[in-house]
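Undergrad: Data file query.txt (compact mmCIF, C-alpha atoms and all ligand atoms) is appended below.
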```txt
# COMPACT_ATOMS: atom_id res chain seq x y z
CA MET A 1 -58.16 54.16 -81.10
CA ILE A 2 -54.75 55.71 -80.31
CA LYS A 3 -52.64 53.29 -78.23
CA THR A 4 -51.31 55.62 -75.55
CA LEU A 5 -49.74 52.80 -73.60
CA GLU A 6 -49.71 49.06 -73.77
CA TRP A 7 -48.27 46.08 -71.94
CA THR A 8 -46.10 43.91 -74.19
CA ASP A 9 -43.91 40.92 -73.32
CA GLY A 10 -40.91 43.13 -74.17
CA GLY A 11 -41.93 45.94 -71.79
CA VAL A 12 -44.35 48.86 -71.52
CA ARG A 13 -44.90 50.57 -74.86
CA PHE A 14 -45.82 54.26 -75.09
CA ILE A 15 -46.60 56.61 -77.91
CA ASP A 16 -43.89 59.26 -77.38
CA GLN A 17 -45.93 62.38 -76.58
CA THR A 18 -42.84 64.59 -76.60
CA LYS A 19 -42.50 63.94 -80.34
CA LEU A 20 -46.11 64.61 -81.36
CA PRO A 21 -47.52 66.05 -83.56
CA THR A 22 -44.70 65.92 -86.08
CA GLU A 23 -43.56 62.36 -85.37
CA GLU A 24 -45.70 59.40 -84.36
CA THR A 25 -43.13 57.20 -82.68
CA TYR A 26 -43.29 54.60 -79.92
CA VAL A 27 -40.88 53.76 -77.13
CA THR A 28 -40.73 50.54 -75.17
CA CYS A 29 -39.54 50.82 -71.57
CA VAL A 30 -37.83 47.62 -70.55
CA THR A 31 -37.26 48.44 -66.87
CA TYR A 32 -39.36 50.12 -64.20
CA GLU A 33 -36.75 52.89 -64.02
CA GLU A 34 -37.37 53.61 -67.69
CA VAL A 35 -41.12 53.76 -67.01
CA ALA A 36 -40.47 56.23 -64.17
CA ASN A 37 -38.36 58.29 -66.53
CA ALA A 38 -41.06 58.23 -69.22
CA ILE A 39 -43.53 59.63 -66.68
CA ARG A 40 -41.08 62.29 -65.45
CA THR A 41 -40.14 63.45 -68.95
CA MET A 42 -43.76 63.36 -70.15
CA ILE A 43 -43.34 60.73 -72.83
CA VAL A 44 -46.54 59.64 -71.10
CA ARG A 45 -48.62 62.27 -69.29
CA GLY A 46 -52.18 62.98 -68.24
CA ALA A 47 -53.44 61.82 -64.86
CA PRO A 48 -55.14 58.50 -65.75
CA ALA A 49 -52.36 57.49 -68.16
CA ILE A 50 -49.72 58.26 -65.52
CA GLY A 51 -51.59 56.02 -63.07
CA VAL A 52 -51.80 53.01 -65.36
CA ALA A 53 -48.23 53.56 -66.61
CA ALA A 54 -47.06 53.39 -62.99
CA ALA A 55 -49.07 50.20 -62.38
CA MET A 56 -47.44 48.64 -65.45
CA GLY A 57 -44.06 49.88 -64.19
CA VAL A 58 -44.66 48.09 -60.90
CA ALA A 59 -45.68 44.91 -62.74
CA LEU A 60 -42.60 45.14 -64.96
CA GLY A 61 -40.21 45.73 -62.06
CA VAL A 62 -41.63 42.83 -60.05
CA ARG A 63 -41.64 40.54 -63.09
CA ASP A 64 -37.92 41.15 -63.58
CA SER A 65 -36.99 40.99 -59.88
CA GLN A 66 -34.31 38.43 -59.08
CA ALA A 67 -35.66 37.98 -55.55
CA ALA A 68 -35.14 34.42 -54.35
CA ASN A 69 -37.75 34.52 -51.61
CA HIS A 70 -40.91 36.36 -50.58
CA ALA A 71 -39.20 38.76 -48.17
CA ALA A 72 -36.76 39.88 -50.87
CA LEU A 73 -39.60 40.26 -53.36
CA LYS A 74 -41.49 42.47 -50.94
CA ARG A 75 -38.38 44.65 -50.47
CA ASP A 76 -38.04 44.97 -54.25
CA PHE A 77 -41.76 45.71 -54.57
CA ASN A 78 -41.60 48.53 -52.01
CA HIS A 79 -38.56 50.07 -53.67
CA ILE A 80 -40.18 49.94 -57.14
CA CYS A 81 -43.32 51.61 -55.76
CA ASP A 82 -41.23 54.35 -54.12
CA VAL A 83 -39.35 55.12 -57.33
CA LEU A 84 -42.55 55.37 -59.36
CA ALA A 85 -44.34 57.41 -56.70
CA ALA A 86 -41.57 60.04 -56.83
CA THR A 87 -42.15 60.92 -60.49
CA ARG A 88 -44.94 63.52 -60.49
CA PRO A 89 -46.70 64.83 -57.37
CA THR A 90 -50.04 66.33 -58.45
CA ALA A 91 -51.97 63.63 -60.35
CA VAL A 92 -53.49 61.55 -57.57
CA ASN A 93 -54.09 58.70 -60.04
CA LEU A 94 -50.40 57.87 -59.65
CA PHE A 95 -50.80 57.17 -55.93
CA TRP A 96 -54.19 55.54 -56.44
CA ALA A 97 -52.66 53.11 -58.95
CA ILE A 98 -49.69 52.26 -56.74
CA ARG A 99 -52.03 51.73 -53.77
CA ARG A 100 -54.11 49.37 -55.86
CA MET A 101 -51.02 47.38 -56.88
CA ARG A 102 -50.03 47.27 -53.22
CA THR A 103 -53.43 45.86 -52.29
CA LYS A 104 -53.13 43.22 -55.01
CA PHE A 105 -49.60 42.36 -53.84
CA GLU A 106 -50.86 41.86 -50.28
CA GLN A 107 -53.80 39.73 -51.50
CA VAL A 108 -51.57 37.33 -53.43
CA SER A 109 -48.48 37.45 -51.23
CA SER A 110 -48.81 33.86 -50.06
CA GLN A 111 -48.81 32.53 -53.64
CA PRO A 112 -45.65 31.21 -55.35
CA ILE A 113 -43.44 34.04 -56.67
CA ALA A 114 -44.21 33.24 -60.31
CA GLN A 115 -47.93 33.53 -59.57
CA ILE A 116 -47.51 36.86 -57.76
CA LYS A 117 -45.67 38.23 -60.80
CA GLN A 118 -48.41 37.07 -63.13
CA ASP A 119 -51.18 38.46 -60.91
CA LEU A 120 -49.58 41.92 -60.85
CA ILE A 121 -49.34 41.97 -64.64
CA THR A 122 -52.99 40.95 -64.88
CA GLU A 123 -54.00 43.68 -62.43
CA ALA A 124 -52.15 46.41 -64.36
CA ARG A 125 -53.70 45.28 -67.64
CA ARG A 126 -57.13 45.20 -66.01
CA MET A 127 -56.65 48.80 -64.86
CA MET A 128 -56.01 49.81 -68.45
CA LEU A 129 -59.27 48.26 -69.66
CA GLU A 130 -61.19 49.73 -66.72
CA ASP A 131 -59.87 53.18 -67.55
CA ILE A 132 -61.18 52.99 -71.12
CA ALA A 133 -64.55 51.72 -69.86
CA ALA A 134 -64.71 54.57 -67.32
CA ASN A 135 -64.04 57.10 -70.05
CA GLU A 136 -66.79 55.68 -72.23
CA ALA A 137 -69.22 55.82 -69.30
CA MET A 138 -68.15 59.40 -68.57
CA GLY A 139 -68.78 60.21 -72.19
CA LYS A 140 -72.37 58.98 -71.94
CA HIS A 141 -73.05 60.93 -68.73
CA GLY A 142 -71.42 64.09 -70.05
CA ALA A 143 -72.61 64.17 -73.67
CA VAL A 144 -76.15 65.11 -72.66
CA LEU A 145 -74.87 68.22 -70.88
CA LEU A 146 -73.40 69.70 -74.06
CA PRO A 147 -75.52 71.76 -76.46
CA ALA A 148 -76.89 70.27 -79.72
CA SER A 149 -74.50 72.54 -81.58
CA GLY A 150 -71.90 75.16 -80.75
CA GLY A 151 -68.37 75.80 -79.59
CA ILE A 152 -66.66 73.90 -76.78
CA LEU A 153 -63.44 75.17 -75.22
CA THR A 154 -60.95 72.75 -73.73
CA HIS A 155 -57.59 73.30 -72.06
CA CYS A 156 -54.52 71.04 -72.09
CA ASN A 157 -55.08 67.49 -73.32
CA ALA A 158 -57.60 65.35 -71.48
CA GLY A 159 -58.05 63.00 -74.39
CA ALA A 160 -57.11 59.48 -75.45
CA LEU A 161 -53.48 60.53 -75.05
CA ALA A 162 -53.99 61.45 -71.39
CA THR A 163 -55.74 58.18 -70.60
CA CYS A 164 -55.66 54.60 -71.83
CA GLY A 165 -58.10 55.57 -74.59
CA TYR A 166 -61.13 57.74 -75.50
CA GLY A 167 -60.33 60.46 -72.97
CA THR A 168 -62.14 62.26 -70.18
CA ALA A 169 -62.96 65.80 -71.38
CA LEU A 170 -62.38 64.78 -75.00
CA GLY A 171 -64.31 61.57 -74.30
CA VAL A 172 -67.33 63.68 -73.37
CA ILE A 173 -66.89 65.70 -76.56
CA ARG A 174 -66.38 62.51 -78.62
CA ALA A 175 -69.54 60.95 -77.17
CA ALA A 176 -71.53 64.12 -77.89
CA VAL A 177 -70.31 64.18 -81.49
CA GLU A 178 -71.03 60.45 -81.85
CA SER A 179 -74.59 61.14 -80.64
CA GLY A 180 -75.04 63.62 -83.49
CA LYS A 181 -74.24 66.93 -81.82
CA LYS A 182 -72.61 69.47 -84.11
CA LEU A 183 -69.73 70.70 -81.99
CA HIS A 184 -66.67 72.73 -82.81
CA VAL A 185 -63.78 72.48 -80.37
CA PHE A 186 -61.59 75.43 -79.47
CA ALA A 187 -58.29 74.05 -78.15
CA ASP A 188 -56.18 76.31 -75.94
CA GLU A 189 -52.55 75.83 -76.93
CA THR A 190 -51.68 75.45 -73.21
CA ARG A 191 -48.40 77.18 -72.52
CA PRO A 192 -45.75 76.30 -71.58
CA PHE A 193 -45.72 72.61 -72.60
CA LEU A 194 -48.28 73.05 -75.39
CA GLN A 195 -50.39 69.95 -74.76
CA GLY A 196 -53.31 71.72 -76.46
CA SER A 197 -51.59 72.52 -79.73
CA ARG A 198 -49.34 69.47 -79.90
CA LEU A 199 -51.73 66.82 -78.60
CA THR A 200 -55.39 67.92 -78.44
CA ALA A 201 -55.39 69.43 -81.93
CA TRP A 202 -53.63 66.34 -83.32
CA GLU A 203 -55.96 63.90 -81.59
CA LEU A 204 -59.19 65.69 -82.56
CA MET A 205 -58.10 66.18 -86.16
CA LYS A 206 -57.35 62.46 -86.39
CA ASP A 207 -61.01 61.87 -85.46
CA ASP A 208 -62.29 64.56 -87.86
CA ILE A 209 -63.77 66.58 -85.01
CA PRO A 210 -63.83 70.25 -86.11
CA THR A 211 -61.08 72.01 -84.14
CA THR A 212 -59.69 75.52 -83.94
CA LEU A 213 -56.42 76.14 -82.13
CA ILE A 214 -56.15 79.34 -80.12
CA ALA A 215 -53.43 80.84 -77.97
CA ASP A 216 -54.38 80.77 -74.28
CA ASN A 217 -54.85 84.53 -74.10
CA MET A 218 -57.57 84.41 -76.78
CA ALA A 219 -60.09 82.45 -74.70
CA GLY A 220 -61.73 85.54 -73.19
CA ALA A 221 -62.19 87.22 -76.56
CA MET A 222 -63.72 84.03 -78.02
CA MET A 223 -66.19 83.88 -75.13
CA ARG A 224 -67.13 87.54 -75.52
CA GLN A 225 -67.74 86.98 -79.23
CA GLY A 226 -70.23 84.23 -78.36
CA LYS A 227 -68.13 81.45 -79.89
CA ILE A 228 -67.97 79.31 -76.75
CA ASP A 229 -71.06 77.54 -75.38
CA ALA A 230 -69.40 75.31 -72.80
CA VAL A 231 -65.98 74.51 -71.36
CA VAL A 232 -64.92 70.91 -70.66
CA VAL A 233 -61.60 70.12 -69.00
CA GLY A 234 -60.02 67.19 -67.20
CA ALA A 235 -58.45 67.08 -63.74
CA ASP A 236 -55.33 65.84 -62.00
CA ARG A 237 -56.87 65.78 -58.57
CA ILE A 238 -60.26 66.75 -57.20
CA ALA A 239 -60.42 67.48 -53.49
CA ALA A 240 -63.33 66.36 -51.31
CA ASN A 241 -64.97 69.81 -51.54
CA GLY A 242 -64.84 69.81 -55.36
CA ASP A 243 -61.80 72.07 -55.81
CA VAL A 244 -60.08 70.98 -59.04
CA ALA A 245 -56.35 70.83 -59.76
CA ASN A 246 -55.72 70.80 -63.50
CA LYS A 247 -53.20 72.16 -65.99
CA ILE A 248 -52.00 75.68 -65.30
CA GLY A 249 -54.39 78.13 -66.95
CA THR A 250 -57.53 76.16 -66.13
CA TYR A 251 -58.40 78.57 -63.31
CA THR A 252 -58.20 81.52 -65.70
CA VAL A 253 -60.58 79.76 -68.09
CA ALA A 254 -63.00 78.98 -65.24
CA VAL A 255 -63.09 82.62 -64.11
CA LEU A 256 -63.68 83.78 -67.68
CA ALA A 257 -66.44 81.21 -68.14
CA LYS A 258 -68.24 82.40 -65.00
CA GLU A 259 -67.98 86.03 -66.11
CA HIS A 260 -69.58 85.11 -69.44
CA GLY A 261 -72.25 82.79 -68.00
CA ILE A 262 -70.76 79.74 -69.74
CA PRO A 263 -70.97 76.32 -68.05
CA PHE A 264 -67.61 74.95 -66.88
CA TYR A 265 -67.53 71.14 -66.72
CA VAL A 266 -64.81 68.91 -65.32
CA ALA A 267 -64.64 65.29 -66.50
CA ALA A 268 -62.65 62.86 -64.39
CA PRO A 269 -62.73 59.24 -63.27
CA PHE A 270 -63.05 58.31 -59.61
CA SER A 271 -59.33 57.54 -59.52
CA THR A 272 -58.84 61.35 -59.75
CA ILE A 273 -61.11 62.14 -56.83
CA ASP A 274 -59.21 62.41 -53.57
CA LEU A 275 -61.63 62.38 -50.67
CA ASP A 276 -58.66 62.34 -48.27
CA THR A 277 -57.68 65.85 -49.36
CA PRO A 278 -60.25 68.25 -47.89
CA ASP A 279 -59.72 71.19 -50.24
CA GLY A 280 -57.55 72.50 -53.05
CA SER A 281 -55.07 74.29 -50.77
CA GLN A 282 -53.79 70.85 -49.70
CA ILE A 283 -53.02 69.65 -53.24
CA PRO A 284 -49.28 69.54 -54.00
CA ILE A 285 -48.50 71.52 -57.15
CA GLU A 286 -45.65 70.29 -59.30
CA GLN A 287 -43.03 72.90 -60.20
CA ARG A 288 -41.33 72.15 -63.49
CA SER A 289 -38.11 73.29 -65.09
CA PRO A 290 -37.72 77.03 -65.98
CA GLU A 291 -36.58 75.98 -69.47
CA GLU A 292 -40.18 75.09 -70.33
CA VAL A 293 -40.92 78.83 -70.04
CA THR A 294 -37.68 80.39 -71.27
CA HIS A 295 -37.40 78.14 -74.33
CA LEU A 296 -39.80 77.22 -77.11
CA ALA A 297 -39.01 74.14 -79.19
CA GLY A 298 -35.40 74.35 -78.03
CA LYS A 299 -35.02 78.08 -78.89
CA GLN A 300 -34.35 80.59 -76.12
CA ILE A 301 -37.12 83.22 -75.96
CA ALA A 302 -36.25 84.98 -72.67
CA PRO A 303 -33.13 86.77 -71.39
CA ASP A 304 -30.43 84.73 -69.67
CA GLY A 305 -30.94 84.52 -65.93
CA VAL A 306 -34.52 85.85 -65.85
CA ARG A 307 -36.49 84.70 -62.79
CA VAL A 308 -39.16 82.17 -63.77
CA GLU A 309 -42.17 80.52 -62.14
CA ASN A 310 -43.44 77.31 -63.67
CA PRO A 311 -46.20 75.67 -61.66
CA ALA A 312 -47.58 72.88 -63.84
CA PHE A 313 -51.08 73.04 -62.33
CA ASP A 314 -53.51 75.44 -60.70
CA VAL A 315 -56.54 74.95 -58.52
CA THR A 316 -60.00 76.02 -59.59
CA PRO A 317 -62.20 76.60 -56.54
CA HIS A 318 -65.37 74.50 -56.62
CA GLY A 319 -67.59 77.57 -56.92
CA TYR A 320 -66.54 77.91 -60.56
CA VAL A 321 -67.39 74.31 -61.43
CA THR A 322 -70.84 73.76 -62.96
CA ALA A 323 -70.63 69.97 -62.68
CA ILE A 324 -68.13 67.14 -62.30
CA ILE A 325 -68.70 64.32 -64.77
CA THR A 326 -67.56 60.89 -63.56
CA GLU A 327 -68.08 57.33 -64.75
CA ARG A 328 -70.65 56.91 -61.96
CA GLY A 329 -72.71 59.95 -62.88
CA VAL A 330 -72.69 63.72 -62.67
CA ALA A 331 -71.91 65.49 -59.38
CA ARG A 332 -73.15 69.01 -58.70
CA ALA A 333 -72.72 71.42 -55.79
CA PRO A 334 -72.52 70.92 -52.90
CA TYR A 335 -69.64 68.67 -53.95
CA ALA A 336 -68.69 67.74 -50.39
CA GLU A 337 -71.93 65.75 -50.42
CA SER A 338 -72.38 64.74 -54.06
CA LEU A 339 -68.85 63.35 -54.48
CA ARG A 340 -69.13 61.29 -51.32
CA GLU A 341 -72.52 60.01 -52.41
CA LEU A 342 -71.14 58.90 -55.79
CA ALA A 343 -68.18 57.33 -53.99
CA GLY A 344 -70.60 55.30 -51.93
CA VAL A 345 -69.52 56.95 -48.67
CA LYS A 346 -72.37 57.48 -46.25
CA VAL A 347 -73.15 61.21 -46.04
CA THR A 348 -74.22 62.36 -42.60
CA ALA A 349 -76.20 65.56 -42.23
O1 LIG B 1 -48.78 67.87 -67.22
P1 LIG B 1 -49.78 66.97 -67.88
O2 LIG B 1 -49.75 67.02 -69.35
O3 LIG B 1 -49.68 65.56 -67.33
O4 LIG B 1 -51.17 67.57 -67.41
C1 LIG B 1 -52.34 66.95 -67.86
C2 LIG B 1 -53.57 67.65 -67.44
O5 LIG B 1 -53.54 68.65 -66.77
C3 LIG B 1 -54.86 66.99 -67.82
O6 LIG B 1 -55.86 67.95 -68.02
C4 LIG B 1 -55.29 66.05 -66.68
O7 LIG B 1 -54.26 65.19 -66.33
C5 LIG B 1 -56.50 65.28 -67.03
S1 LIG B 1 -56.15 64.06 -68.22
C6 LIG B 1 -57.51 63.13 -68.51
```
Before anything else, please render the file you have as structure tokens.
TA:
Amino acid sequence: MIKTLEWTDGGVRFIDQTKLPTEETYVTCVTYEEVANAIRTMIVRGAPAIGVAAAMGVALGVRDSQAANHAALKRDFNHICDVLAATRPTAVNLFWAIRRMRTKFEQVSSQPIAQIKQDLITEARRMMLEDIAANEAMGKHGAVLLPASGGILTHCNAGALATCGYGTALGVIRAAVESGKKLHVFADETRPFLQGSRLTAWELMKDDIPTTLIADNMAGAMMRQGKIDAVVVGADRIAANGDVANKIGTYTVAVLAKEHGIPFYVAAPFSTIDLDTPDGSQIPIEQRSPEEVTHLAGKQIAPDGVRVENPAFDVTPHGYVTAIITERGVARAPYAESLRELAGVKVTA
């Protein structure tokens, strides 16, 4: 399995996703600031991976804190959390992970400082293992939804590289292939950052899963030609009503899928579901640098000074979503009820 991220005694080690697919290199972040920078610059990206990376960043920062007493440690802890929380705004897993580290910190705050440090490292490493287990469970729940054979379209990278291993959308596809289904994946290249061509194609080819790369604007034609039997994507945040924030372009794919009568599945762990956000209009959308649009692999492809929009994510309204696949089972409309039921929240009529 690809090691997207890993805790080591020397720091947090990441496969450098900005260098793939041409170079498989690893970077070790030795401070929490370096972890924050790795998240911001997308050395590590993908909602679940961002969350666990942040948790490891918190553990690293606290481990290396020079605080001489508990009050100073708490001040350091809060500052570290603030720095990591300010990296990327859309993936709710980031805030979920920091909240979980905060809860652990509170639970162990009366222990000796050395013990607190150790407990935070253990918690971050546990989150990594839980993420892989969640993806495998999601795979089992989702695999049965896919056809015995056919074409599956995916957008961005919601694979092992976007998680701690196995993947969400690609985990569902992997599990289906492992169960004997004869699937062929169509990977949208995913402009402007090209997670589909650089990462999804690389990851699937490594696993010998048949893959065809297409430019984003080819998805409609592929659907019309009958080459796509289902769409599976990941999510950065799912609101309480089932609206889904995911990589820019996902909404377009969802609309096309509906027009062609193709099921549109979203695979995401519970750490991506944000019951505190009522609907998609409340989800903050990250705006990224114009250079991602005006330049391709370092080469300028647009006139100097052109006005650019670069929202990194869009929101797919829940009406386009056939089902949401989680590690706890499959949610279907009405999502306001099914998501709360899976979350274990009492649903009142
Ligand atoms: O900007 P990115 O590469 O972090 O965006 C990633 C996505 O949009 C993924 O589809 C999403 O995080 C789900 S990953 C399992």
Undergrad: Got a sec to check which residues lie within 9 Å of ligand LIG 1 (chain B), using all atoms listed in the file, and send them as a PDB file with C-alpha atoms, keeping the file's coordinate frame?
TA:
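Writing the result to result.pdb gives the following:
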```pdb
ATOM      1  CA  ILE A  39     -43.530  59.630 -66.680  1.00  0.00           C
ATOM      2  CA  MET A  42     -43.760  63.360 -70.150  1.00  0.00           C
ATOM      3  CA  VAL A  44     -46.540  59.640 -71.100  1.00  0.00           C
ATOM      4  CA  ARG A  45     -48.620  62.270 -69.290  1.00  0.00           C
ATOM      5  CA  GLY A  46     -52.180  62.980 -68.240  1.00  0.00           C
ATOM      6  CA  ALA A  47     -53.440  61.820 -64.860  1.00  0.00           C
ATOM      7  CA  PRO A  48     -55.140  58.500 -65.750  1.00  0.00           C
ATOM      8  CA  ALA A  49     -52.360  57.490 -68.160  1.00  0.00           C
ATOM      9  CA  ILE A  50     -49.720  58.260 -65.520  1.00  0.00           C
ATOM     10  CA  ARG A  88     -44.940  63.520 -60.490  1.00  0.00           C
ATOM     11  CA  THR A  90     -50.040  66.330 -58.450  1.00  0.00           C
ATOM     12  CA  ALA A  91     -51.970  63.630 -60.350  1.00  0.00           C
ATOM     13  CA  HIS A 155     -57.590  73.300 -72.060  1.00  0.00           C
ATOM     14  CA  CYS A 156     -54.520  71.040 -72.090  1.00  0.00           C
ATOM     15  CA  ASN A 157     -55.080  67.490 -73.320  1.00  0.00           C
ATOM     16  CA  ALA A 158     -57.600  65.350 -71.480  1.00  0.00           C
ATOM     17  CA  GLY A 159     -58.050  63.000 -74.390  1.00  0.00           C
ATOM     18  CA  ALA A 160     -57.110  59.480 -75.450  1.00  0.00           C
ATOM     19  CA  LEU A 161     -53.480  60.530 -75.050  1.00  0.00           C
ATOM     20  CA  ALA A 162     -53.990  61.450 -71.390  1.00  0.00           C
ATOM     21  CA  THR A 163     -55.740  58.180 -70.600  1.00  0.00           C
ATOM     22  CA  GLY A 167     -60.330  60.460 -72.970  1.00  0.00           C
ATOM     23  CA  THR A 168     -62.140  62.260 -70.180  1.00  0.00           C
ATOM     24  CA  ALA A 169     -62.960  65.800 -71.380  1.00  0.00           C
ATOM     25  CA  LEU A 170     -62.380  64.780 -75.000  1.00  0.00           C
ATOM     26  CA  PHE A 193     -45.720  72.610 -72.600  1.00  0.00           C
ATOM     27  CA  LEU A 194     -48.280  73.050 -75.390  1.00  0.00           C
ATOM     28  CA  GLN A 195     -50.390  69.950 -74.760  1.00  0.00           C
ATOM     29  CA  VAL A 233     -61.600  70.120 -69.000  1.00  0.00           C
ATOM     30  CA  GLY A 234     -60.020  67.190 -67.200  1.00  0.00           C
ATOM     31  CA  ALA A 235     -58.450  67.080 -63.740  1.00  0.00           C
ATOM     32  CA  ASP A 236     -55.330  65.840 -62.000  1.00  0.00           C
ATOM     33  CA  ARG A 237     -56.870  65.780 -58.570  1.00  0.00           C
ATOM     34  CA  ALA A 245     -56.350  70.830 -59.760  1.00  0.00           C
ATOM     35  CA  ASN A 246     -55.720  70.800 -63.500  1.00  0.00           C
ATOM     36  CA  LYS A 247     -53.200  72.160 -65.990  1.00  0.00           C
ATOM     37  CA  ILE A 248     -52.000  75.680 -65.300  1.00  0.00           C
ATOM     38  CA  THR A 250     -57.530  76.160 -66.130  1.00  0.00           C
ATOM     39  CA  ALA A 267     -64.640  65.290 -66.500  1.00  0.00           C
ATOM     40  CA  ALA A 268     -62.650  62.860 -64.390  1.00  0.00           C
ATOM     41  CA  PRO A 269     -62.730  59.240 -63.270  1.00  0.00           C
ATOM     42  CA  THR A 272     -58.840  61.350 -59.750  1.00  0.00           C
ATOM     43  CA  GLU A 286     -45.650  70.290 -59.300  1.00  0.00           C
ATOM     44  CA  ALA A 312     -47.580  72.880 -63.840  1.00  0.00           C
ATOM     45  CA  PHE A 313     -51.080  73.040 -62.330  1.00  0.00           C
TER      46      PHE A 313
END
```
Undergrad: Taking only C-alpha atoms into account, name the residue in A:Lys299, A:His141, A:Lys117, A:His70 that is nearest to A:Ile173.
TA: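 Of A:Lys299, A:His141, A:Lys117, A:His70, the one nearest A:Ile173 is A:His141, counting only C-alpha atoms.
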Undergrad: Tell me, in Å to one decimal, how far atom CA of A:Ala137 is from atom CA of A:Pro21.
TA: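 We find that atom CA of A:Ala137 and atom CA of A:Pro21 lie 27.9 Å from each other.
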Undergrad: Using atom CA of A:Pro89 and atom CA of A:Gly280 as the two end points, give the distance in Å to one decimal.
TA: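 Between atom CA of A:Pro89 and atom CA of A:Gly280 the gap is 14.0 Å.
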Undergrad: Padding 5 Å on each side, edges along x, y and z: where is the centre of the box around the listed atoms of stretch 178-185 of chain A, and how long are its edges in Å to one decimal? Output it as AutoDock Vina command-line options.
TA:
```
--center_x -69.4 --center_y 66.6 --center_z -82.2 --size_x 21.3 --size_y 22.3 --size_z 13.7
```
Undergrad: Skipping near chain neighbours, those fewer than 2 positions away, what residues fall within 9 Å of stretch 333-341 of chain A using only C-alpha atoms, listed as a PyMOL selection string?
TA: chain A and resi 239-243+273+275+278+318-319+321-324+330-331+343-348
Undergrad: For those residues, write C-alpha atoms to a file as an mmCIF file, in the frame of the given file.
TA:
```cif
data_model
loop_
_atom_site.group_PDB
_atom_site.id
_atom_site.type_symbol
_atom_site.label_atom_id
_atom_site.label_comp_id
_atom_site.auth_asym_id
_atom_site.auth_seq_id
_atom_site.Cartn_x
_atom_site.Cartn_y
_atom_site.Cartn_z
ATOM 1 C CA ALA A 239 -60.420 67.480 -53.490
ATOM 2 C CA ALA A 240 -63.330 66.360 -51.310
ATOM 3 C CA ASN A 241 -64.970 69.810 -51.540
ATOM 4 C CA GLY A 242 -64.840 69.810 -55.360
ATOM 5 C CA ASP A 243 -61.800 72.070 -55.810
ATOM 6 C CA ILE A 273 -61.110 62.140 -56.830
ATOM 7 C CA LEU A 275 -61.630 62.380 -50.670
ATOM 8 C CA PRO A 278 -60.250 68.250 -47.890
ATOM 9 C CA HIS A 318 -65.370 74.500 -56.620
ATOM 10 C CA GLY A 319 -67.590 77.570 -56.920
ATOM 11 C CA VAL A 321 -67.390 74.310 -61.430
ATOM 12 C CA THR A 322 -70.840 73.760 -62.960
ATOM 13 C CA ALA A 323 -70.630 69.970 -62.680
ATOM 14 C CA ILE A 324 -68.130 67.140 -62.300
ATOM 15 C CA VAL A 330 -72.690 63.720 -62.670
ATOM 16 C CA ALA A 331 -71.910 65.490 -59.380
ATOM 17 C CA ALA A 343 -68.180 57.330 -53.990
ATOM 18 C CA GLY A 344 -70.600 55.300 -51.930
ATOM 19 C CA VAL A 345 -69.520 56.950 -48.670
ATOM 20 C CA LYS A 346 -72.370 57.480 -46.250
ATOM 21 C CA VAL A 347 -73.150 61.210 -46.040
ATOM 22 C CA THR A 348 -74.220 62.360 -42.600
#
```
Undergrad: With distances taken over all atoms listed in the file, which of A:Leu256, A:Ala201, A:Val27, A:Ile325 is nearest to A:Glu136?
TA: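 Under the stated criterion, the closest residue is A:Ile325.
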Undergrad: Have a look at atom CA of A:Val244 and atom CA of A:Leu94 and let me know their distance in Å, one decimal.
TA: 16.3 Å
Undergrad: Could you write stretch 322-328 of chain A as a CSV table (one decimal), in the frame of the given file, with N, CA, C and O atoms rebuilt where they are missing?
TA:
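Wrote rebuild-v5.csv, looks like this:
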```csv
chain,number,residue,atom,x,y,z
A,322,THR,N,-69.4,74.0,-62.8
A,322,THR,CA,-70.8,73.8,-63.0
A,322,THR,C,-71.2,72.3,-62.6
A,322,THR,O,-72.2,72.1,-62.0
A,323,ALA,N,-70.4,71.4,-63.0
A,323,ALA,CA,-70.6,70.0,-62.7
A,323,ALA,C,-69.3,69.2,-62.9
A,323,ALA,O,-68.5,69.6,-63.6
A,324,ILE,N,-69.2,68.1,-62.1
A,324,ILE,CA,-68.1,67.1,-62.3
A,324,ILE,C,-68.7,65.8,-62.9
A,324,ILE,O,-69.6,65.2,-62.3
A,325,ILE,N,-68.2,65.5,-64.1
A,325,ILE,CA,-68.7,64.3,-64.8
A,325,ILE,C,-67.8,63.1,-64.4
A,325,ILE,O,-66.6,63.2,-64.7
A,326,THR,N,-68.3,62.1,-63.9
A,326,THR,CA,-67.6,60.9,-63.6
A,326,THR,C,-68.2,59.7,-64.3
A,326,THR,O,-69.3,59.8,-64.8
A,327,GLU,N,-67.5,58.5,-64.1
A,327,GLU,CA,-68.1,57.3,-64.8
A,327,GLU,C,-69.3,56.8,-64.0
A,327,GLU,O,-70.1,56.0,-64.5
A,328,ARG,N,-69.5,57.4,-62.8
A,328,ARG,CA,-70.6,56.9,-62.0
A,328,ARG,C,-71.8,57.9,-62.1
A,328,ARG,O,-72.9,57.6,-61.5
```
